[in-house]
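Novice: Could you have a look at this structure, given as structure tokens, before my questions?
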Amino acid sequence: MKKNILFLMLFCIAAFTASAQKQSYLEMLANQPKWVDSVFKKLSRREKIAQMFFVRAHTNLGQKYTDSVGLVIKKEQLGGVIFFQGGPVRQAIATNAYQKVSRVPLIVANDGEWGLGMRLDSTISFPYQMTLGAIQNKDLIYKMGQEVAKDFKRMGMQMNLAPDADINNNAKNPVINYRSFGENKYNVASKTAAYMKGMQDGGLLTTLKHFPGHGDTDVDSHYDLPQLTFSAARLDSLEMYPFKELIRQGASGIMIAHMNIPALDNTPNLPSTLSKPIVTGILKEKLGFKGLIISDAMDMKGVIKYFKDGQADLMGIIAGNDILELSENSDRAIHLVRRSVRQGKIEMKTIDESVRKILTAKYWAGLNKRDTILTQGIVAGVNRNSSNALVQELANASVTLLKGKDYIKNLIPIRRTAIISVGVPSVTKFQKEISKGFYNSVYYVLDKDASAIQISNIAREIGAFDQVIVGIHDSRARPGNNIPLNAGVKNFIKELAGKNAVFALFANPYNLAGLPGLENSKGLVIGYQKEDYMQISAAAVINNRLVPTGKLPVSILPNFKFGDGL
């Protein structure tokens, strides 16, 4: 028995030591393994350039589409593949097929800011970064990073194009917004670091985005080229702050944004992705970043609006990007780069450096040992009880009480209570959870497009109740601004706020600005998003079963400011 215990202790110590001694990606770059050199020497010039291109893949567009991507990978021998919408089993099967036809193993990536659920059905979505920005316990966010890493590795993926390190200091931002940890640079840097380290410690390559900062724009770079007109000093002290901090803390990758920034490069209509002064001059040389530099998608209007027919791809390589994702035509781009090398416009040693960085990333992620993803049990494997429990824990830690601490504490469970859900067509989880603490309650539901008659009927009936608790729900897939409630419903909310009602908002907190009157309510809880786990957390606060610890990650002026929370 003693021998068994001693053996177990020695095994645990050895395992811990091996884990502790695992080099970071950046450490490995400084002392590249022999595998990198052996693979590099076998690559032709064309094959080296091809390693810098990552192709788009989906598994929800039919087998013909999936096979067509496989043909591109086989013909062009690209460096990686980025999966978008689909399902876990279909993606695993496609990944196995794509790796089989690749002479050099592919880096398989996904854009999973809130986990696999951002892209794949039948998988777990963790809370959005805006929600996480309210959490005061960074360890929970680190744990989330570790869970996400487990999910990615089970799916045969090595890179997450996350987290988002943008400071969302523009409430009207249509593309970052709830994807950011908030408006405060210190909060953003701290929370991004926790998420990044959790993933990297879990063996996953990460990608901070969108350098030098996409938070203060009201233009979506998917559809046009945003322009940042701020001074270089402002950009350095604010937008770049999280990136600088996380470079110091060992970030493995950084994604470049498609933005025109005259203070950093005054070339007309030039996206930052294609700017050598920004990519090489600032990120590589001034900030000293040694990791992988990845372009934002090269099929976005923000980059191809002014640079067409493959010119954007060529300029992206010249600027200093190591990886170009989602080229409109990678075969054309590789041809253009080869020709530019022959013409002396690009030094081959620059491409060689990028290829070695990519191959080192592949070795660090374990791709030197080819493996086949087991599809059996994969859905259960990415839907672990520990992940679901953590999701609820994150929700509990984020929920924020802005008004009515004492009022809520004094709500009486046996009094007649109207529990109303606004913005949805049927009874909600919030109502069901609230009723567990209020035994004499009645449900009311008011859809986002409710008629004046429907509103007046509910208004008349709830007049007979002692207590009113209201959930305001965003019905959209993503928690953007401008919650879709008609004028009559918004006016009903305003009237209730002037009476003895307690509210819970299950929407982006910026929506407080479009719901006047809530600042006067007797109680106000922010749930940040519509999911059931947020409704459970908010109900627990109102039922006095959960002490809220969340703090607002953004300001909604003039009534609420960053850091508010009772």
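In the structure tokens, each chain is lettered A, B, ... as it comes, each chain's residues begin at 1, and ligands are numbered from 1 in order of appearance.
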Quick one: residues within 12 Å of A:Ser237, only C-alpha atoms counted, chain neighbours fewer than 6 positions away excluded, as number ranges by chain?

Specialist: A: 167, 185-186, 212-213, 230-231, 243-245

Novice: Can you check which residues of stretch 221-385 of chain A DSSP gives as helix (DSSP H, G or I) on the backbone and send them as number ranges by chain?

Specialist: A: 232-239, 241-248, 272-274, 276-286, 301-304, 311-319, 330-342, 348-364, 378-381, 385

Novice: Which residue, A:Gly471, A:Pro127, A:Gly87, A:Gly563, has the smallest gap to A:Leu61 when you use only C-alpha atoms?

Specialist: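 Checking each of A:Gly471, A:Pro127, A:Gly87, A:Gly563 against A:Leu61, counting only C-alpha atoms, the winner is A:Gly87.
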
Novice: As a count of residues only, please: the residues near stretch 344-357 of chain A (cut-off 7 Å, only C-alpha atoms, same-chain neighbours under 3 positions excluded).

Specialist: 13

Novice: Taking only C-alpha atoms into account, which of A:Ala30, A:Ile458, A:Ala389, A:Ala50 comes nearest A:Arg332?

Specialist: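 Among the listed residues, the smallest separation from A:Arg332 belongs to A:Ala50.
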
Novice: Which of these residues is nearest to A:Lys172, using only C-alpha atoms: A:Ile334, A:Lys436, A:Val489, A:Ile556?

Specialist: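 Looking only at the distances to A:Lys172, the closest residue turns out to be A:Ile556.
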
Novice: Within 8 Å of A:Phe53, counting only C-alpha atoms, which residues qualify if same-chain residues fewer than 2 places away don't, as a tab-separated table (two decimals) with N, CA, C and O atoms, in the first residue's frame?

Specialist:
chain	number	residue	atom	x	y	z
A	49	ILE	N	5.76	29.96	-49.11
A	49	ILE	CA	4.79	31.06	-49.20
A	49	ILE	C	3.39	30.56	-48.87
A	49	ILE	O	2.61	31.23	-48.17
A	50	ALA	N	3.06	29.35	-49.32
A	50	ALA	CA	1.73	28.79	-49.08
A	50	ALA	C	1.45	28.57	-47.59
A	50	ALA	O	0.29	28.61	-47.16
A	51	GLN	N	2.51	28.37	-46.79
A	51	GLN	CA	2.32	28.19	-45.35
A	51	GLN	C	1.73	29.44	-44.70
A	51	GLN	O	1.15	29.37	-43.62
A	55	VAL	N	-7.11	29.08	-45.17
A	55	VAL	CA	-8.33	29.08	-45.97
A	55	VAL	C	-9.57	28.95	-45.09
A	55	VAL	O	-9.51	28.39	-43.99
A	78	LEU	N	-1.61	24.66	-48.23
A	78	LEU	CA	-1.66	25.86	-47.40
A	78	LEU	C	-1.24	25.56	-45.97
A	78	LEU	O	-1.16	24.40	-45.55
A	79	GLY	N	-1.03	26.63	-45.20
A	79	GLY	CA	-0.54	26.48	-43.83
A	79	GLY	C	-1.61	26.16	-42.80
A	79	GLY	O	-1.32	25.59	-41.75
A	80	GLY	N	-2.86	26.55	-43.10
A	80	GLY	CA	-3.89	26.33	-42.09
A	80	GLY	C	-5.29	26.48	-42.64
A	80	GLY	O	-5.50	26.90	-43.79
A	323	ILE	N	0.76	35.52	-41.18
A	323	ILE	CA	-0.35	34.70	-41.66
A	323	ILE	C	-1.42	35.62	-42.25
A	323	ILE	O	-1.80	36.61	-41.63
A	324	LEU	N	-1.88	35.28	-43.46
A	324	LEU	CA	-3.02	35.98	-44.06
A	324	LEU	C	-4.19	35.02	-44.05
A	324	LEU	O	-4.13	33.92	-44.62
A	325	GLU	N	-5.25	35.43	-43.38
A	325	GLU	CA	-6.41	34.54	-43.31
A	325	GLU	C	-7.47	34.94	-44.33
A	325	GLU	O	-7.75	36.11	-44.55
A	326	LEU	N	-8.03	33.92	-44.97
A	326	LEU	CA	-9.20	34.06	-45.85
A	326	LEU	C	-8.96	34.96	-47.05
A	326	LEU	O	-9.76	35.84	-47.37
A	327	SER	N	-7.86	34.74	-47.74
A	327	SER	CA	-7.62	35.44	-49.00
A	327	SER	C	-8.76	35.14	-49.96
A	327	SER	O	-9.32	34.04	-49.98
A	330	SER	N	-6.16	32.45	-52.78
A	330	SER	CA	-4.82	32.19	-52.26
A	330	SER	C	-3.85	31.77	-53.36
A	330	SER	O	-2.66	32.10	-53.31

Novice: I'd like the contact shell of stretch 295-308 of chain A - 7 Å cut-off, only C-alpha atoms, skipping same-chain residues fewer than 3 positions apart - returned as a count of residues only.

Specialist: 21

Novice: Please, what distance in Å, to one decimal, runs between atom CA of A:Ile176 and atom CA of A:Pro484?

Specialist: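 Computed distance, atom CA of A:Ile176 to atom CA of A:Pro484, equals 19.4 Å.
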
Novice: Record the distance separating atom CA of A:Arg478 and atom CA of A:Met130, expressed in Å with one decimal.

Specialist: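 It comes out at 11.9 Å.
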
Novice: For A:Gln158, list every protein, DNA or RNA residue within 6 Å, evaluated using only C-alpha atoms, and leave out those in the same chain fewer than 4 positions away; present the list as a list in words.

Specialist: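 Everything that qualifies: Val108, Leu204 and Ala365 of chain A.
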
Novice: With distances taken over only C-alpha atoms, which of A:Val382, A:Leu367, A:Leu120, A:Ala263 is nearest to A:Met159?

Specialist: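 Between A:Val382, A:Leu367, A:Leu120, A:Ala263, the residue approaching A:Met159 most closely is A:Leu367.
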
Novice: As number ranges by chain, please: all residues of stretch 249-420 of chain A that backbone DSSP puts in strand (DSSP E or B).

Specialist: A: 253-256, 260, 292-295, 323-325, 400-403, 417-420

Novice: For the residues in the current selection, export N, CA, C and O atoms as a CSV table (one decimal), in the first residue's frame.

Specialist:
chain,number,residue,atom,x,y,z
A,253,GLY,N,0.1,35.4,-30.2
A,253,GLY,CA,-0.3,35.9,-31.5
A,253,GLY,C,-1.1,37.2,-31.4
A,253,GLY,O,-1.8,37.5,-30.4
A,254,ILE,N,-1.0,38.1,-32.4
A,254,ILE,CA,-1.8,39.3,-32.5
A,254,ILE,C,-2.4,39.5,-33.9
A,254,ILE,O,-1.7,39.2,-34.9
A,255,MET,N,-3.6,39.8,-34.0
A,255,MET,CA,-4.3,40.1,-35.2
A,255,MET,C,-4.4,41.6,-35.5
A,255,MET,O,-4.6,42.4,-34.6
A,256,ILE,N,-4.1,41.9,-36.8
A,256,ILE,CA,-4.1,43.3,-37.2
A,256,ILE,C,-5.5,43.7,-37.7
A,256,ILE,O,-6.1,43.0,-38.5
A,260,ASN,N,-7.9,52.7,-41.3
A,260,ASN,CA,-7.0,53.7,-41.8
A,260,ASN,C,-6.7,54.6,-40.6
A,260,ASN,O,-7.6,55.2,-40.0
A,292,LEU,N,3.3,35.4,-33.5
A,292,LEU,CA,2.7,35.3,-34.8
A,292,LEU,C,1.8,36.6,-35.1
A,292,LEU,O,1.0,37.0,-34.2
A,293,ILE,N,2.0,37.2,-36.2
A,293,ILE,CA,1.2,38.3,-36.6
A,293,ILE,C,0.2,37.9,-37.7
A,293,ILE,O,0.6,37.4,-38.7
A,294,ILE,N,-1.1,38.0,-37.4
A,294,ILE,CA,-2.1,37.5,-38.3
A,294,ILE,C,-3.0,38.6,-38.8
A,294,ILE,O,-3.4,39.5,-38.0
A,295,SER,N,-3.3,38.6,-40.1
A,295,SER,CA,-4.2,39.6,-40.6
A,295,SER,C,-5.6,39.3,-40.2
A,295,SER,O,-6.0,38.2,-39.9
A,323,ILE,N,0.8,35.5,-41.2
A,323,ILE,CA,-0.3,34.7,-41.7
A,323,ILE,C,-1.4,35.6,-42.3
A,323,ILE,O,-1.8,36.6,-41.6
A,324,LEU,N,-1.9,35.3,-43.5
A,324,LEU,CA,-3.0,36.0,-44.1
A,324,LEU,C,-4.2,35.0,-44.1
A,324,LEU,O,-4.1,33.9,-44.6
A,325,GLU,N,-5.3,35.4,-43.4
A,325,GLU,CA,-6.4,34.5,-43.3
A,325,GLU,C,-7.5,34.9,-44.3
A,325,GLU,O,-7.7,36.1,-44.6
A,400,THR,N,-25.0,42.4,-12.0
A,400,THR,CA,-24.7,43.7,-11.4
A,400,THR,C,-25.9,44.3,-10.9
A,400,THR,O,-26.9,44.5,-11.6
A,401,LEU,N,-25.9,44.7,-9.6
A,401,LEU,CA,-27.0,45.5,-9.0
A,401,LEU,C,-26.7,47.0,-9.1
A,401,LEU,O,-25.8,47.4,-8.4
A,402,LEU,N,-27.5,47.7,-9.8
A,402,LEU,CA,-27.3,49.2,-9.9
A,402,LEU,C,-28.2,50.0,-9.0
A,402,LEU,O,-27.8,51.1,-8.6
A,403,LYS,N,-29.3,49.5,-8.6
A,403,LYS,CA,-30.2,50.2,-7.7
A,403,LYS,C,-31.0,49.2,-6.9
A,403,LYS,O,-31.3,48.1,-7.3
A,417,THR,N,-47.5,39.1,-6.2
A,417,THR,CA,-46.4,39.6,-7.0
A,417,THR,C,-46.7,39.4,-8.5
A,417,THR,O,-46.9,38.2,-8.9
A,418,ALA,N,-46.6,40.4,-9.3
A,418,ALA,CA,-46.7,40.2,-10.7
A,418,ALA,C,-45.3,40.1,-11.3
A,418,ALA,O,-44.4,41.0,-11.0
A,419,ILE,N,-45.1,39.1,-12.0
A,419,ILE,CA,-43.8,38.8,-12.6
A,419,ILE,C,-43.9,39.0,-14.2
A,419,ILE,O,-44.6,38.1,-14.8
A,420,ILE,N,-43.4,40.0,-14.7
A,420,ILE,CA,-43.6,40.3,-16.1
A,420,ILE,C,-42.3,40.1,-16.9
A,420,ILE,O,-41.2,40.6,-16.5

Novice: Considering only C-alpha atoms, can you say which of A:Leu238, A:Ala57, A:Leu205, A:Val502 comes closest to A:Gly366?

Specialist: A:Leu205
